[in-house]
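S.K.: Quick one, my_file31.tsv (TSV, C-alpha atoms):
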```tsv
chain	number	residue	atom	x	y	z
M	1	MET	CA	-10.18	21.81	-6.75
M	2	ILE	CA	-13.75	20.45	-6.78
M	3	LEU	CA	-13.48	20.10	-10.56
M	4	HIS	CA	-10.21	18.16	-10.23
M	5	LEU	CA	-11.60	15.93	-7.49
M	6	THR	CA	-14.58	15.29	-9.79
M	7	ILE	CA	-12.20	14.27	-12.59
M	8	ILE	CA	-10.45	11.81	-10.25
M	9	LEU	CA	-13.81	10.39	-9.09
M	10	LEU	CA	-15.00	10.07	-12.70
M	11	PHE	CA	-11.87	8.08	-13.62
M	12	GLN	CA	-12.50	5.83	-10.62
M	13	LEU	CA	-16.13	5.42	-11.65
M	14	ALA	CA	-15.13	4.60	-15.23
M	15	GLY	CA	-12.59	2.09	-13.86
M	16	GLU	CA	-15.16	0.40	-11.62
M	17	VAL	CA	-17.69	0.20	-14.46
M	18	THR	CA	-15.06	-1.22	-16.84
M	19	ALA	CA	-13.82	-3.78	-14.29
M	20	ARG	CA	-17.35	-4.99	-13.58
M	21	ALA	CA	-18.65	-4.87	-17.17
M	22	LEU	CA	-15.69	-6.88	-18.51
M	23	ALA	CA	-15.35	-9.01	-15.33
M	24	LEU	CA	-11.63	-8.05	-15.09
M	25	PRO	CA	-9.59	-9.36	-12.14
M	26	VAL	CA	-8.00	-5.89	-11.67
M	27	PRO	CA	-9.60	-3.53	-9.09
M	28	GLY	CA	-11.55	-0.63	-10.66
M	29	PRO	CA	-9.40	2.15	-9.16
M	30	VAL	CA	-6.27	0.59	-10.73
M	31	ILE	CA	-7.93	0.79	-14.16
M	32	GLY	CA	-8.83	4.41	-13.34
M	33	LEU	CA	-5.17	5.02	-12.42
M	34	ALA	CA	-3.90	3.59	-15.72
M	35	ALA	CA	-6.52	5.53	-17.71
M	36	LEU	CA	-5.60	8.78	-15.93
M	37	VAL	CA	-1.88	8.30	-16.75
M	38	LEU	CA	-2.87	7.90	-20.43
M	39	ALA	CA	-5.09	10.99	-20.22
M	40	PHE	CA	-2.17	12.96	-18.67
M	41	LEU	CA	0.06	11.86	-21.56
M	42	ALA	CA	-2.58	12.96	-24.07
M	43	SER	CA	-3.12	16.32	-22.38
M	44	PRO	CA	-0.25	17.92	-20.42
M	45	ARG	CA	-2.69	20.71	-19.50
M	46	LEU	CA	-4.91	18.21	-17.69
M	47	ALA	CA	-1.84	16.82	-15.90
M	48	ARG	CA	-0.80	20.27	-14.66
M	49	ALA	CA	-4.35	21.07	-13.52
M	50	VAL	CA	-5.02	17.82	-11.59
M	51	GLN	CA	-1.49	17.42	-10.13
M	52	PRO	CA	-1.96	19.61	-6.98
M	53	THR	CA	-5.27	17.95	-5.99
M	54	ALA	CA	-3.83	14.48	-6.61
M	55	ASN	CA	-0.72	15.22	-4.55
M	56	GLY	CA	-2.93	16.67	-1.81
M	57	LEU	CA	-4.85	13.38	-1.66
M	58	LEU	CA	-1.58	11.42	-1.52
M	59	ALA	CA	0.04	13.60	1.15
M	60	HIS	CA	-1.94	11.79	3.84
M	61	LEU	CA	-2.15	8.43	2.14
M	62	SER	CA	-1.22	6.54	5.30
M	63	LEU	CA	-4.22	7.97	7.22
M	64	LEU	CA	-6.49	6.20	4.73
M	65	PHE	CA	-5.17	2.74	5.80
M	66	VAL	CA	-6.23	3.23	9.42
M	67	PRO	CA	-9.91	2.10	9.26
M	68	ALA	CA	-8.98	-1.13	7.44
M	69	GLY	CA	-6.04	-1.64	9.80
M	70	VAL	CA	-8.32	-1.40	12.84
M	71	GLY	CA	-10.03	-4.47	11.36
M	72	VAL	CA	-7.17	-6.31	13.07
M	73	VAL	CA	-9.47	-6.48	16.14
M	74	GLY	CA	-11.38	-9.15	14.24
M	75	HIS	CA	-8.21	-11.19	13.69
M	76	LEU	CA	-6.58	-11.13	17.11
M	77	GLY	CA	-7.25	-14.84	17.58
M	78	LEU	CA	-5.61	-15.67	14.26
M	79	LEU	CA	-2.62	-13.41	14.96
M	80	GLY	CA	-2.20	-15.06	18.33
M	81	ALA	CA	-2.22	-18.52	16.74
M	82	GLN	CA	-0.24	-17.79	13.55
M	83	GLY	CA	1.45	-14.45	14.25
M	84	GLY	CA	4.93	-15.98	14.29
M	85	GLN	CA	4.46	-17.72	10.94
M	86	LEU	CA	3.01	-14.57	9.36
M	87	LEU	CA	5.86	-12.38	10.63
M	88	LEU	CA	8.49	-14.87	9.38
M	89	THR	CA	6.73	-14.94	6.00
M	90	LEU	CA	6.65	-11.15	5.72
M	91	ILE	CA	10.33	-10.76	6.68
M	92	GLY	CA	11.50	-13.55	4.35
M	93	SER	CA	9.37	-12.46	1.42
M	94	THR	CA	10.23	-8.75	1.75
M	95	VAL	CA	13.99	-9.44	1.95
M	96	LEU	CA	13.80	-11.73	-1.12
M	97	ALA	CA	11.69	-9.25	-3.12
M	98	ILE	CA	13.99	-6.27	-2.41
M	99	ALA	CA	17.10	-8.34	-3.21
M	100	ALA	CA	15.58	-9.72	-6.44
M	101	GLY	CA	14.42	-6.31	-7.65
M	102	ALA	CA	17.71	-4.51	-6.92
M	103	LEU	CA	20.00	-7.26	-8.26
M	104	VAL	CA	18.00	-7.67	-11.49
M	105	PHE	CA	17.96	-3.88	-11.99
M	106	VAL	CA	21.76	-3.63	-11.66
M	107	TRP	CA	22.30	-6.73	-13.79
M	108	VAL	CA	20.14	-5.50	-16.71
M	109	LEU	CA	21.69	-2.03	-16.38
M	110	ARG	CA	25.10	-3.65	-16.91
M	111	LEU	CA	23.82	-5.73	-19.86
M	112	THR	CA	22.42	-2.65	-21.59
M	113	GLY	CA	25.69	-0.79	-20.98
M	114	ASP	CA	24.29	2.04	-18.87
M	115	SER	CA	26.05	2.98	-15.65
M	116	GLU	CA	25.84	5.93	-13.34
U	1	MET	CA	-27.05	17.70	33.49
U	2	THR	CA	-27.41	14.87	31.02
U	3	GLU	CA	-26.11	11.53	32.18
U	4	PHE	CA	-22.83	10.41	30.62
U	5	ALA	CA	-24.54	7.19	29.57
U	6	GLU	CA	-27.10	9.17	27.57
U	7	ILE	CA	-24.48	11.26	25.81
U	8	TRP	CA	-22.53	8.08	25.08
U	9	SER	CA	-25.56	6.31	23.64
U	10	TYR	CA	-26.14	9.29	21.34
U	11	LEU	CA	-22.49	9.52	20.26
U	12	SER	CA	-22.08	5.80	19.70
U	13	GLU	CA	-24.98	5.92	17.21
U	14	THR	CA	-23.51	8.63	14.95
U	15	PRO	CA	-20.52	8.49	12.58
U	16	LEU	CA	-19.07	11.64	14.19
U	17	LEU	CA	-17.41	9.97	17.17
U	18	TRP	CA	-15.45	7.30	15.30
U	19	LEU	CA	-14.54	9.62	12.43
U	20	ALA	CA	-13.09	12.06	14.95
U	21	ALA	CA	-11.37	9.23	16.83
U	22	THR	CA	-9.75	7.95	13.61
U	23	LEU	CA	-8.32	11.35	12.75
U	24	GLY	CA	-7.31	11.99	16.36
U	25	ALA	CA	-5.47	8.68	16.67
U	26	TYR	CA	-3.63	9.38	13.41
U	27	VAL	CA	-2.62	12.86	14.59
U	28	ILE	CA	-1.09	11.26	17.71
U	29	GLY	CA	0.68	8.58	15.62
U	30	ASP	CA	2.00	11.15	13.16
U	31	GLY	CA	3.20	13.37	16.00
U	32	LEU	CA	5.10	10.49	17.64
U	33	SER	CA	6.61	9.54	14.28
U	34	ARG	CA	7.81	13.11	13.71
U	35	ALA	CA	9.18	13.31	17.26
U	36	SER	CA	11.24	10.15	16.60
U	37	GLY	CA	12.76	11.72	13.50
U	38	ARG	CA	10.61	9.47	11.24
U	39	LYS	CA	12.17	6.20	12.40
U	40	PRO	CA	10.70	3.42	10.22
U	41	PHE	CA	9.50	1.35	13.19
U	42	VAL	CA	7.63	4.33	14.76
U	43	ASN	CA	4.90	4.04	12.14
U	44	PRO	CA	1.91	6.43	12.42
U	45	VAL	CA	-0.55	3.89	11.01
U	46	LEU	CA	0.57	1.17	13.41
U	47	ILE	CA	0.26	3.55	16.38
U	48	ALA	CA	-3.19	4.80	15.28
U	49	VAL	CA	-4.42	1.24	14.76
U	50	ALA	CA	-3.14	0.20	18.20
U	51	ILE	CA	-4.83	3.18	19.91
U	52	LEU	CA	-8.16	2.62	18.16
U	53	ALA	CA	-8.10	-1.14	18.72
U	54	ALA	CA	-7.52	-0.53	22.43
U	55	VAL	CA	-10.36	2.03	22.58
U	56	LEU	CA	-12.77	-0.31	20.77
U	57	TRP	CA	-11.84	-3.13	23.13
U	58	ALA	CA	-12.15	-0.96	26.25
U	59	SER	CA	-15.52	0.50	25.20
U	60	ASP	CA	-16.79	-2.86	23.96
U	61	THR	CA	-17.59	-1.35	20.54
U	62	PRO	CA	-18.02	-3.73	17.58
U	63	TYR	CA	-15.85	-3.10	14.51
U	64	ALA	CA	-19.01	-2.60	12.40
U	65	THR	CA	-20.06	0.35	14.59
U	66	TYR	CA	-16.58	1.85	14.36
U	67	PHE	CA	-16.59	1.42	10.58
U	68	GLU	CA	-19.87	3.39	10.24
U	69	GLY	CA	-17.82	6.46	11.14
U	70	ALA	CA	-14.49	5.46	9.66
U	71	GLN	CA	-15.94	4.54	6.25
U	72	PHE	CA	-15.60	8.16	5.10
U	73	VAL	CA	-11.82	7.90	5.49
U	74	HIS	CA	-11.77	4.38	4.06
U	75	PHE	CA	-13.70	5.51	0.97
U	76	MET	CA	-10.88	7.89	0.01
U	77	LEU	CA	-8.60	4.90	-0.72
U	78	GLY	CA	-10.21	4.56	-4.16
U	79	PRO	CA	-9.66	8.17	-5.29
U	80	ALA	CA	-6.15	8.03	-3.74
U	81	THR	CA	-5.32	5.02	-5.91
U	82	VAL	CA	-6.42	6.93	-9.02
U	83	ALA	CA	-4.37	9.93	-7.80
U	84	LEU	CA	-1.20	7.77	-7.92
U	85	ALA	CA	-1.36	8.64	-11.64
U	86	ALA	CA	0.14	12.06	-10.80
U	87	PRO	CA	3.56	10.98	-9.38
U	88	LEU	CA	3.73	8.18	-11.94
U	89	HIS	CA	3.19	10.64	-14.79
U	90	ALA	CA	5.64	13.17	-13.29
U	91	ASN	CA	8.40	10.51	-13.23
U	92	LEU	CA	7.74	9.00	-16.66
U	93	SER	CA	10.91	10.56	-18.12
U	94	HIS	CA	12.99	8.51	-15.61
U	95	VAL	CA	11.04	5.44	-16.67
U	96	ARG	CA	11.84	5.98	-20.36
U	97	ARG	CA	15.57	6.42	-19.72
U	98	ALA	CA	15.95	3.19	-17.74
U	99	ALA	CA	13.05	1.28	-19.28
U	100	LEU	CA	14.65	-2.16	-19.63
U	101	PRO	CA	16.15	-2.45	-16.14
U	102	LEU	CA	12.89	-1.07	-14.70
U	103	ILE	CA	10.69	-3.62	-16.46
U	104	ALA	CA	13.02	-6.52	-15.57
U	105	ALA	CA	13.33	-5.44	-11.92
U	106	LEU	CA	9.58	-4.86	-11.67
U	107	LEU	CA	8.81	-8.36	-12.91
U	108	ALA	CA	11.48	-9.94	-10.69
U	109	GLY	CA	10.43	-8.01	-7.57
U	110	SER	CA	6.70	-8.42	-8.06
U	111	VAL	CA	6.77	-12.15	-8.86
U	112	THR	CA	9.25	-12.83	-6.02
U	113	ALA	CA	7.06	-10.91	-3.55
U	114	ILE	CA	3.90	-12.87	-4.41
U	115	LEU	CA	5.47	-16.33	-4.85
U	116	SER	CA	7.75	-16.15	-1.82
U	117	ALA	CA	4.92	-14.93	0.44
U	118	LEU	CA	2.68	-17.81	-0.66
U	119	GLY	CA	5.56	-20.31	-0.61
U	120	ILE	CA	7.01	-19.47	2.81
U	121	ALA	CA	3.57	-19.23	4.44
U	122	TRP	CA	2.50	-22.54	2.86
U	123	ALA	CA	5.67	-24.22	4.13
U	124	LEU	CA	4.94	-22.86	7.63
U	125	GLY	CA	1.46	-24.36	7.54
U	126	VAL	CA	-0.64	-21.27	6.73
U	127	ARG	CA	-3.71	-22.13	4.66
U	128	GLY	CA	-7.01	-20.79	3.33
U	129	GLU	CA	-8.15	-17.18	3.64
U	130	THR	CA	-5.04	-16.20	5.62
U	131	LEU	CA	-2.74	-17.50	2.85
U	132	LEU	CA	-4.73	-15.66	0.15
U	133	SER	CA	-4.58	-12.44	2.20
U	134	LEU	CA	-0.76	-12.57	1.95
U	135	ALA	CA	-0.57	-12.60	-1.86
U	136	PRO	CA	-0.96	-8.83	-2.52
U	137	LYS	CA	1.04	-7.71	0.57
U	138	SER	CA	3.71	-5.80	-1.40
U	139	ALA	CA	1.19	-3.65	-3.30
U	140	THR	CA	0.14	-0.27	-1.92
U	141	ALA	CA	-2.75	-0.65	0.56
U	142	PRO	CA	-5.72	0.62	-1.48
U	143	VAL	CA	-4.83	-1.73	-4.33
U	144	ALA	CA	-3.90	-4.64	-2.05
U	145	LEU	CA	-7.28	-4.45	-0.27
U	146	GLY	CA	-9.11	-4.59	-3.62
U	147	ILE	CA	-7.02	-7.56	-4.78
U	148	SER	CA	-7.46	-9.40	-1.47
U	149	GLU	CA	-11.23	-9.06	-1.71
U	150	GLN	CA	-11.18	-10.29	-5.31
U	151	ILE	CA	-9.09	-13.43	-4.70
U	152	GLY	CA	-11.00	-14.48	-1.57
U	153	GLY	CA	-8.68	-13.11	1.11
U	154	SER	CA	-9.65	-10.93	4.05
U	155	PRO	CA	-9.18	-7.20	3.26
U	156	THR	CA	-8.79	-6.20	6.92
U	157	LEU	CA	-6.10	-8.84	7.47
U	158	THR	CA	-4.38	-7.77	4.25
U	159	ALA	CA	-4.36	-4.17	5.49
U	160	VAL	CA	-2.36	-5.19	8.56
U	161	LEU	CA	-0.02	-7.43	6.51
U	162	VAL	CA	0.59	-4.61	3.99
U	163	ILE	CA	1.49	-2.13	6.72
U	164	LEU	CA	3.86	-4.62	8.40
U	165	THR	CA	5.50	-5.38	5.03
U	166	GLY	CA	6.13	-1.66	4.51
U	167	ILE	CA	7.71	-1.30	7.95
U	168	ILE	CA	9.90	-4.40	7.47
U	169	GLY	CA	11.01	-3.16	4.04
U	170	ALA	CA	11.87	0.28	5.40
U	171	ILE	CA	13.96	-1.27	8.20
U	172	VAL	CA	15.86	-3.91	6.17
U	173	VAL	CA	16.47	-2.09	2.85
U	174	THR	CA	19.62	-0.15	3.75
U	175	PRO	CA	21.56	-2.92	5.54
U	176	LEU	CA	20.40	-5.53	3.00
U	177	LEU	CA	21.47	-3.62	-0.11
U	178	ASN	CA	24.75	-2.55	1.51
U	179	LEU	CA	25.42	-6.24	2.15
U	180	LEU	CA	24.60	-7.08	-1.49
U	181	ARG	CA	26.81	-4.16	-2.64
U	182	VAL	CA	24.09	-2.54	-4.75
U	183	ARG	CA	25.18	1.10	-4.98
U	184	ASP	CA	22.98	2.45	-7.77
U	185	TRP	CA	20.35	4.74	-6.14
U	186	ARG	CA	17.85	4.00	-8.90
U	187	ALA	CA	18.09	0.24	-8.27
U	188	ARG	CA	17.93	0.65	-4.49
U	189	GLY	CA	14.91	2.95	-4.56
U	190	PHE	CA	13.02	1.02	-7.20
U	191	ALA	CA	13.44	-2.32	-5.41
U	192	VAL	CA	12.10	-1.00	-2.10
U	193	GLY	CA	9.17	0.74	-3.84
U	194	VAL	CA	8.17	-2.53	-5.52
U	195	ALA	CA	8.58	-4.66	-2.37
U	196	ALA	CA	7.43	-2.24	0.34
U	197	HIS	CA	5.13	0.35	-1.36
U	198	GLY	CA	4.51	3.76	0.27
U	199	ILE	CA	6.27	3.14	3.58
U	200	GLY	CA	9.37	1.90	1.72
U	201	THR	CA	9.09	4.90	-0.61
U	202	ALA	CA	8.96	7.32	2.31
U	203	ARG	CA	12.12	5.67	3.67
U	204	ALA	CA	13.86	5.93	0.27
U	205	PHE	CA	13.13	9.68	0.12
U	206	GLN	CA	14.84	10.10	3.52
U	207	VAL	CA	18.01	8.44	2.23
U	208	ASN	CA	18.30	9.88	-1.30
U	209	GLU	CA	16.11	11.99	-3.63
U	210	THR	CA	16.74	9.81	-6.73
U	211	ALA	CA	16.05	6.67	-4.72
U	212	GLY	CA	12.77	8.23	-3.55
U	213	ALA	CA	11.63	9.10	-7.08
U	214	PHE	CA	12.39	5.58	-8.30
U	215	ALA	CA	10.69	4.06	-5.25
U	216	GLY	CA	7.54	6.01	-6.16
U	217	ILE	CA	7.69	4.64	-9.70
U	218	GLY	CA	8.21	1.11	-8.34
U	219	MET	CA	5.20	1.44	-6.02
U	220	GLY	CA	2.94	2.74	-8.82
U	221	LEU	CA	3.97	0.12	-11.37
U	222	ASN	CA	3.77	-2.73	-8.86
U	223	ALA	CA	0.25	-1.65	-7.85
U	224	ILE	CA	-0.80	-2.31	-11.44
U	225	LEU	CA	1.30	-5.47	-11.94
U	226	THR	CA	0.24	-7.10	-8.63
U	227	ALA	CA	-3.40	-6.44	-9.53
U	228	ILE	CA	-2.82	-8.45	-12.72
U	229	LEU	CA	-0.41	-11.14	-11.38
U	230	ALA	CA	-1.85	-12.01	-7.95
U	231	PRO	CA	-5.20	-13.35	-9.26
U	232	LEU	CA	-3.35	-15.25	-12.03
U	233	ILE	CA	-0.77	-16.82	-9.69
U	234	VAL	CA	-3.38	-17.67	-7.05
U	235	GLY	CA	-5.67	-19.19	-9.69
U	236	TRP	CA	-2.80	-21.20	-11.10
U	237	LEU	CA	-1.30	-22.44	-7.80
U	238	LEU	CA	-4.24	-22.89	-5.45
```
Please go through the file and, once you have read it, give me the structure as structure tokens.

M.R.:
Amino acid sequence: MILHLTIILLFQLAGEVTARALALPVPGPVIGLAALVLAFLASPRLARAVQPTANGLLAHLSLLFVPAGVGVVGHLGLLGAQGGQLLLTLIGSTVLAIAAGALVFVWVLRLTGDSE
Amino acid sequence: MTEFAEIWSYLSETPLLWLAATLGAYVIGDGLSRASGRKPFVNPVLIAVAILAAVLWASDTPYATYFEGAQFVHFMLGPATVALAAPLHANLSHVRRAALPLIAALLAGSVTAILSALGIAWALGVRGETLLSLAPKSATAPVALGISEQIGGSPTLTAVLVILTGIIGAIVVTPLLNLLRVRDWRARGFAVGVAAHGIGTARAFQVNETAGAFAGIGMGLNAILTAILAPLIVGWLL
């Protein structure tokens, strides 16, 4: 478990170093994520070994958002002034994004002749 | 007996108190969510944030002091992002079988999420840091916070916007896609994963196993795509 957590941290570290060294606009952990998927493809043994630790980390993913979310205390003034606009934006944008994704999926599925 | 004020002044100086409070508030939120039968609008994160915000306000504690303790939890967002590699890898066989529709839907969903958020907010008069904080709102929180910081948004504001987006997605997805007559579980799950990340994915798993798996893929792929697209779109538009 410690070994597997170390592997995950090393991929994050490599991602952060790559992002900074090459001045990439992508966050370091996302590069670590992509690199780890490639490593899993190269070595199924590594994938099997790290899987339980990774899933353990993800089981309580929503807990990890709490400290950043509490930062809302610094934005109460803004939310009071523009809360309505922000909520309208989030509802409109989320509805459009779900509709676009689902309709395009079904449409391309039909074009490529696959149906289920 | 030591005065309460003395104990408080000790506790408020160490990370222990606010670390414990963060976990405690989440346990309460998670318990309420479970008691409601995991209703999408009884969100554990939202409840925990509300409890902690109220406690900070009542005890007149600055956010910086709170964060001294909570940073240990916050730090785990990075490793958790890397750990998303596991479900993504486990579902790669699904990805290969429906590769074209997945790529097309990913692009459509991701671009629509970013552009429509910026467009609607702009039209409603939202500007500056607040507008930038909206751009990555459909990506999963650890990634969205990183993107927000990079493009000049406010990570803490983005965190709240991301959570709200997830809750909205989880609430609207079923009625919306019934209305649009999309019946394919892969399409339904994938779309909500792209638009509403982990909270949408959790909702998809409640409705249908296949939808849940595809939602997880959508969340993972959109985390990567939003990280690439949001800085490009923001740089190009603003």

S.K.: Restricting the calculation to only C-alpha atoms, which member of U:Glu6, U:Glu149, U:Glu209, U:Asp30 is positioned closest to U:Thr130?

M.R.: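 Closest to U:Thr130, using only C-alpha atoms: U:Glu149.
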
S.K.: Figure out the distance between atom CA of M:His60 and atom CA of U:Leu145, please, to one decimal in Å.

M.R.: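 We find that atom CA of U:Leu145 and atom CA of M:His60 lie 17.6 Å from each other.
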
S.K.: With distances taken over all atoms listed in the file, which of M:Leu78, M:Met1, M:Ala68, M:Ala59 is nearest to chain U?

M.R.: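 Of M:Leu78, M:Met1, M:Ala68, M:Ala59, the one nearest chain U, counting all atoms listed in the file, is M:Ala68.
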
S.K.: Could you work out which residues of chain U fall inside 7 Å of chain M? Count all atoms listed in the file, and format the result as a PyMOL selection string.

M.R.: chain U and resi 26+45+48-49+52-53+63+67+70+73-74+76-86+89+101-102+104-106+108-109+112-113+116-117+120-121+124+141+143+146-147+156-157+159-160+165+168-169+187-188+191-192+195+224+227-228+231

S.K.: Could you give me, as a VMD selection string, the residues within 12 Å of U:Leu232, counting all atoms listed in the file and dropping anything in the same chain fewer than 3 positions from it?

M.R.: (chain M and resid 24 to 26) or (chain U and resid 111 114 to 115 135 to 136 147 150 to 151 225 to 229 235 to 238)

S.K.: What does the distance from atom CA of U:Asn222 to atom CA of U:Ala139 come to in Å, to one decimal?

M.R.: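 Separating atom CA of U:Asn222 from atom CA of U:Ala139 is a distance of 6.2 Å.
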
S.K.: Could you please determine the separation between atom CA of M:Gly83 and atom CA of U:Ala223 in Å, to one decimal place?

M.R.: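 Distance between the two atoms: 25.6 Å.
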
S.K.: Given the choices U:Leu32, U:Ala90, U:Ala211, U:Ala58, which gets closest to U:Asp184 if the distance is worked out from only C-alpha atoms?

M.R.: U:Ala211

S.K.: (5.6, 5.6, 14.0) in this file's frame - what residues fall within 9 Å of it? Use only C-alpha atoms and give the answer as a count of residues only.

M.R.: 18

S.K.: When you count only C-alpha atoms, which of these residues is closest to M:Ala81: U:Gly200, U:Gly166, U:Pro155, U:Gly125?

M.R.: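 Ranking U:Gly200, U:Gly166, U:Pro155, U:Gly125 by distance to M:Ala81, first place goes to U:Gly125.
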
S.K.: Quick one: residues within 12 Å of U:Phe205, all atoms listed in the file, excluding same-chain residues fewer than 5 positions away - as a PyMOL selection string?

M.R.: chain U and resi 38+170+185-186+188-190+192-193+198-200+210-216
